[in-house]
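Written out below as structure tokens is the structure these notes cover.
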Amino acid sequence: MTDARFTLLDLLPEEDLAEKLIGLALAGSPPASAPMAKELAGLTTALNGTETKDVRVVVFGGGTGLSNIIGGDSRNPLWPGDPFQGLKEIFPETRAVVCVTDDGGSTGELLRDLPLIALGDIRHVLLSSIRRQKMQEQYILSGRDALRVSAILHRLFNYRFTSCPSSSHDLLTDAGVDLAVLPQPMAQGLSGLIEALFSDSRLHAQFDRPHCFGNLLLVAAIFGKKDVVAGISWLGDLIGANPEAVCPCTTTPARLKVLYGNGVLVSGEFKSGDARRGYPVDKVFVEFAAEPQAPPQVLAAIAEADIILFAPGSLFTSIVPILQVPGIAQAIRSNRRALKMLVANLWAQAGETDMAHGNRRQRFHVSDLLAGYHRNIPGGVEGLFEQILVLGLRDIPGSILQNYALENKVPIYLDRDKVRDMGFSPVEARLYAQADIEQRKVIQHDAASLAAAVRVMWSIRTSLGETGRKRLPGHGGGADVLLDPLGQAASQRFSAIRERLLTLAIGDELQPAVAEIFWRHGDIPLAHLDLVAGVVLLDREEWSRTQEWDTILSFYDPGDRLIKIRKDICSDPDQFEVGLLIGLGQSLLGNYAAEKRRLPVERDGESLGYEFRLVVRPEPERQCFFSPVELGRFLGLVRMRQSVGEPRLYTRLVNADEGFTPPGLLFGLTYAWYLDNRHVRHIEYKMSIDRMTSCGLIPEQKKVAGRRQAMIDFFRTVVFRYDAKQLQPSTEQGLG
């Protein structure tokens, strides 16, 4: 570029070269004198005309964020109106590498029965990857025909059935799809997959569950090819995407584990998405069913890539799990030729990025996003990306941002100076469509705008300069691979759950509900059922348990080892779940208590309160999940004082009018709270002490917070056996 052009660019409002040129490419030249306007128009044409057909692009991500930038959100009802846009149109040699830890919705239903990876995000991105030119050349179609085919595929892949279809004909009729309208080879291939779904005995159960039909087509293709990657590639090629346009990051079944700042560690991407723990996420881990392998096609694509891009999306459930697959992060670092960019998320995500790590009262910034990646990716973010593409909010009307705020949606703000100090180059641009702002009043990454911005970055790649040494907080994530101790895929775990429940005295009407609770809470080991003989429902008139301490309508009876639940709470699934979890938690203590008594405490004839006395059963007679040391540790945490002279005697003094939760009940409540804090408000209140700012004047606050933290640590490491070093919280996190 000539010096004159740089003089012209100095007139543009953006901060640096990349931002100025992207703004020019997206919005065109601003008002200027004729000579200047002509030169700027020529530059705009040159930028937008950069040849990119042979540029090899690899994009990492999952779900809507990845689908949207590849070719528009293919689940959106408006997508068939403009399906050929985004990266795939400007960069035909684009490959998507997709996260496979999703376990919700239709994907979760598949995982119950089939030893597969999560397929929902793959299906989503695969449909977004169909290309006009590929479809026209492969099937000899006009542009209008290609649009019509895309609309039919959209209807078929996104069709959801809630009742079992009796035949393939009925299914297609309900979906409003006529395969005869499609090109014959495509119709023939899809028809074969649909027939396989009805003829393969392994898939019969899937029609009894609600499903997105595109997921089932993927399953049929994978089963037909007897290989995950080959099946995905074959189906993609059939519908008009490039072969290997979409690839899973691994073919090893895996699930996500999330460690929150207060020390609670729970499993499951879907469950973590619904969680509101009130603490920032500290770390995430991917637990693999076996030694994970990245597909050779993925590693080869990374090595050959000219551009490596990280799509916007969930920080902890899209990019990080991909980079925890051994070999992928290092393959990216080893490619020193590629232009490497991260597209920053637009919105803070409730339960994930709505609080900053180390300071939950601080709103989330782009620098926090980078720190989160660094903390959770093996070896950190060094060598993974240099430029950070950020959707600029400065020209968006305040009324639209206010509407989002009313929905509790808060942007992730760009703290430009801090991002630069960390060693990255922030590039802020209008990565949204003006039509979305004006007509739909929505803010989102626009596929066409983002692709055009990436093209500009490619065209000026030699002018971007060095970003400098990275300066990031703490160390990068560890390289240890987390393996499921039992080597189970999700389907094997669900099968084991059902088999174990069949050995217990649980009525047929309760079996599905109990199995569902165990499935949802993947942290419950089946060993927690060792002291349970069954689950029974009692009518109100059969309920003889005293409610002196509580109004909880469930308990574990160590006499007959049954979890007993009042029948009248079963109509509310949440109440039944909490009742079952409380009873299950209590069962871990077994018959530990030989005697429990309340003795009045008086002085000068006045009642001061009472002494709660607990005598622990002798060890040879005791049936308990915990060792004597572990049991003693728990009793100490609930402030039961062990007698020096009688080690089996524990006491606690309670003031006259004070409430008191006995150890067994408190254990059950805390067990249920640990697994899902939304339904156990009593414990949530107790654990909320750390959300108050400590003034330093009341030492007792720090002591109480310390006890609460010790209780959480006990449940994580002892109750749920998450005692590996890598599963412990960062030192700056936690209560107190």
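Ordering of the structure tokens sets the chain letters (A, B, ...); residue numbers start at 1 within each chain; ligands are numbered from 1 in the order shown.
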Neighbour list for A:Ala453 as a PyMOL selection string, cut-off 8 Å, only C-alpha atoms, skip fewer than 5 positions in-chain: chain A and resi 22+25-26+431
Any chance you could export the current selection's N, CA and C atoms as a PDB file, in the first residue's frame?
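What ended up in part_0.pdb:
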```pdb
ATOM      1  N   ILE A  22     -11.363  -3.380   7.788  1.00  0.00           N
ATOM      2  CA  ILE A  22     -12.596  -4.166   7.922  1.00  0.00           C
ATOM      3  C   ILE A  22     -13.810  -3.248   7.840  1.00  0.00           C
ATOM      4  N   ALA A  25     -14.328  -2.418   4.241  1.00  0.00           N
ATOM      5  CA  ALA A  25     -14.864  -3.540   3.466  1.00  0.00           C
ATOM      6  C   ALA A  25     -16.336  -3.790   3.765  1.00  0.00           C
ATOM      7  N   LEU A  26     -16.743  -3.565   5.008  1.00  0.00           N
ATOM      8  CA  LEU A  26     -18.121  -3.857   5.397  1.00  0.00           C
ATOM      9  C   LEU A  26     -19.082  -2.721   5.079  1.00  0.00           C
ATOM     10  N   LEU A 431     -19.460  -6.583  13.242  1.00  0.00           N
ATOM     11  CA  LEU A 431     -19.638  -7.957  12.786  1.00  0.00           C
ATOM     12  C   LEU A 431     -21.101  -8.385  12.858  1.00  0.00           C
TER      13      LEU A 431
END
```
Members of stretch 455-555 of chain A assigned helix (DSSP H, G or I) by DSSP, as an MDAnalysis selection string: chainID A and resid 455:459 461:463 490:502 511:520 526:529 540:542
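Neighbours of A:Arg520 closer than or equal to 9 Å, with only C-alpha atoms counted and sequence neighbours fewer than 5 positions away skipped, come out as A:Ser267, A:Gly268, A:Phe270, A:Lys271, A:Ala515.
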Store the residues picked out above in a file with C-alpha atoms, as an mmCIF file, in the first residue's frame.
```
data_model
loop_
_atom_site.group_PDB
_atom_site.id
_atom_site.type_symbol
_atom_site.label_atom_id
_atom_site.label_comp_id
_atom_site.auth_asym_id
_atom_site.auth_seq_id
_atom_site.Cartn_x
_atom_site.Cartn_y
_atom_site.Cartn_z
ATOM 1 C CA SER A 267 -20.865 -33.548 35.658
ATOM 2 C CA GLY A 268 -22.818 -32.877 32.489
ATOM 3 C CA PHE A 270 -26.710 -29.814 29.945
ATOM 4 C CA LYS A 271 -26.863 -29.781 33.739
ATOM 5 C CA ALA A 515 -33.423 -43.949 36.684
#
```
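You can rank A:Gly664, A:Gly81, A:Gly42, A:Pro473 by their closest distance to A:Ile582 using only C-alpha atoms, and at the top of that list sits A:Gly664.
Among A:Ala254, A:Val719, A:Val298, A:Val266, the residue with the shortest atom-to-atom distance to A:Gly522, counting only C-alpha atoms, is A:Val266.
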Polymer residues at most 10 Å from A:Leu171, only C-alpha atoms, same-chain spacing of 6 or more positions, as a ChimeraX atom specification: /A:156,159,161,164-165,177,194,213
Test item: residues at most 8 Å from A:Leu119, only C-alpha atoms, excluding those fewer than 6 positions along its chain, as a list of chain:residue names: A:Val100, A:Thr107, A:Asn215, A:Leu218
With the cut-off set at 7 Å and counting only C-alpha atoms, tabulate each residue of stretch 444-505 of chain A with an atom at most that distance from an atom of stretch 86-91 of chain A, showing the nearest atom pair and its distance in Å to one decimal, ordered by chain and increasing number, as JSON lines.
```
{"residue": "A:Ala447", "atom": "CA", "partner": "A:Gly86", "partner_atom": "CA", "distance": 4.3}
{"residue": "A:Ala448", "atom": "CA", "partner": "A:Gly86", "partner_atom": "CA", "distance": 4.6}
{"residue": "A:Ala451", "atom": "CA", "partner": "A:Leu87", "partner_atom": "CA", "distance": 4.9}
```
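Looking only at stretch 106-255 of chain A, the set that DSSP places in strand (DSSP E or B) from backbone geometry is Arg160, Phe161, His211, Cys212, Val246, Cys247, Pro248, Ala254 and Arg255 of chain A.
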Dump as a PDB file, in the first residue's frame, selection limited to N, CA and C atoms:
```pdb
ATOM      1  N   ARG A 160     -38.840 -32.563  14.390  1.00  0.00           N
ATOM      2  CA  ARG A 160     -38.833 -33.225  15.694  1.00  0.00           C
ATOM      3  C   ARG A 160     -40.150 -33.965  15.892  1.00  0.00           C
ATOM      4  N   PHE A 161     -40.058 -35.243  16.172  1.00  0.00           N
ATOM      5  CA  PHE A 161     -41.280 -36.003  16.440  1.00  0.00           C
ATOM      6  C   PHE A 161     -41.370 -36.296  17.929  1.00  0.00           C
ATOM      7  N   HIS A 211     -37.162 -36.809  19.273  1.00  0.00           N
ATOM      8  CA  HIS A 211     -35.871 -36.678  18.605  1.00  0.00           C
ATOM      9  C   HIS A 211     -35.905 -35.629  17.506  1.00  0.00           C
ATOM     10  N   CYS A 212     -34.742 -35.045  17.269  1.00  0.00           N
ATOM     11  CA  CYS A 212     -34.508 -34.256  16.065  1.00  0.00           C
ATOM     12  C   CYS A 212     -34.102 -35.261  14.982  1.00  0.00           C
ATOM     13  N   VAL A 246     -17.071 -31.356   7.964  1.00  0.00           N
ATOM     14  CA  VAL A 246     -17.375 -31.365   9.397  1.00  0.00           C
ATOM     15  C   VAL A 246     -16.787 -32.630   9.999  1.00  0.00           C
ATOM     16  N   CYS A 247     -16.083 -32.466  11.111  1.00  0.00           N
ATOM     17  CA  CYS A 247     -15.435 -33.609  11.749  1.00  0.00           C
ATOM     18  C   CYS A 247     -15.512 -33.447  13.262  1.00  0.00           C
ATOM     19  N   PRO A 248     -15.751 -34.522  14.003  1.00  0.00           N
ATOM     20  CA  PRO A 248     -15.727 -34.417  15.466  1.00  0.00           C
ATOM     21  C   PRO A 248     -14.298 -34.254  15.957  1.00  0.00           C
ATOM     22  N   ALA A 254     -17.331 -38.869  25.608  1.00  0.00           N
ATOM     23  CA  ALA A 254     -16.781 -38.022  26.658  1.00  0.00           C
ATOM     24  C   ALA A 254     -17.903 -37.249  27.334  1.00  0.00           C
ATOM     25  N   ARG A 255     -17.632 -36.801  28.546  1.00  0.00           N
ATOM     26  CA  ARG A 255     -18.587 -35.917  29.225  1.00  0.00           C
ATOM     27  C   ARG A 255     -17.832 -34.819  29.952  1.00  0.00           C
TER      28      ARG A 255
END
```
Long-range neighbours of stretch 143-154 of chain A as a ChimeraX atom specification, 12 Å cut-off, only C-alpha atoms, 3 positions minimum in chain: /A:72-84,123-140,157-160,172,175-184,186-187,190,212-214,217,235-236,238-241
Selection: 6 Å around A:Arg617, only C-alpha atoms, excl. self and same-chain fewer than 2 positions, as a ChimeraX atom specification: /A:592-594,622
Per-residue nearest contacts stretch 506-545 of chain A to stretch 666-688 of chain A, cut-off 12 Å, using only C-alpha atoms, as JSON lines:
```
{"residue": "A:Ile517", "atom": "CA", "partner": "A:Leu675", "partner_atom": "CA", "distance": 10.6}
{"residue": "A:Phe518", "atom": "CA", "partner": "A:Leu675", "partner_atom": "CA", "distance": 10.7}
{"residue": "A:Arg520", "atom": "CA", "partner": "A:Leu675", "partner_atom": "CA", "distance": 9.7}
{"residue": "A:His521", "atom": "CA", "partner": "A:Leu675", "partner_atom": "CA", "distance": 6.7}
{"residue": "A:Gly522", "atom": "CA", "partner": "A:Leu675", "partner_atom": "CA", "distance": 9.2}
{"residue": "A:Asp523", "atom": "CA", "partner": "A:Leu675", "partner_atom": "CA", "distance": 7.8}
{"residue": "A:Ile524", "atom": "CA", "partner": "A:Leu675", "partner_atom": "CA", "distance": 8.6}
{"residue": "A:His528", "atom": "CA", "partner": "A:Tyr671", "partner_atom": "CA", "distance": 11.3}
```
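Here atom CA of A:Val284 and atom CA of A:Val258 stand 4.6 Å from one another.
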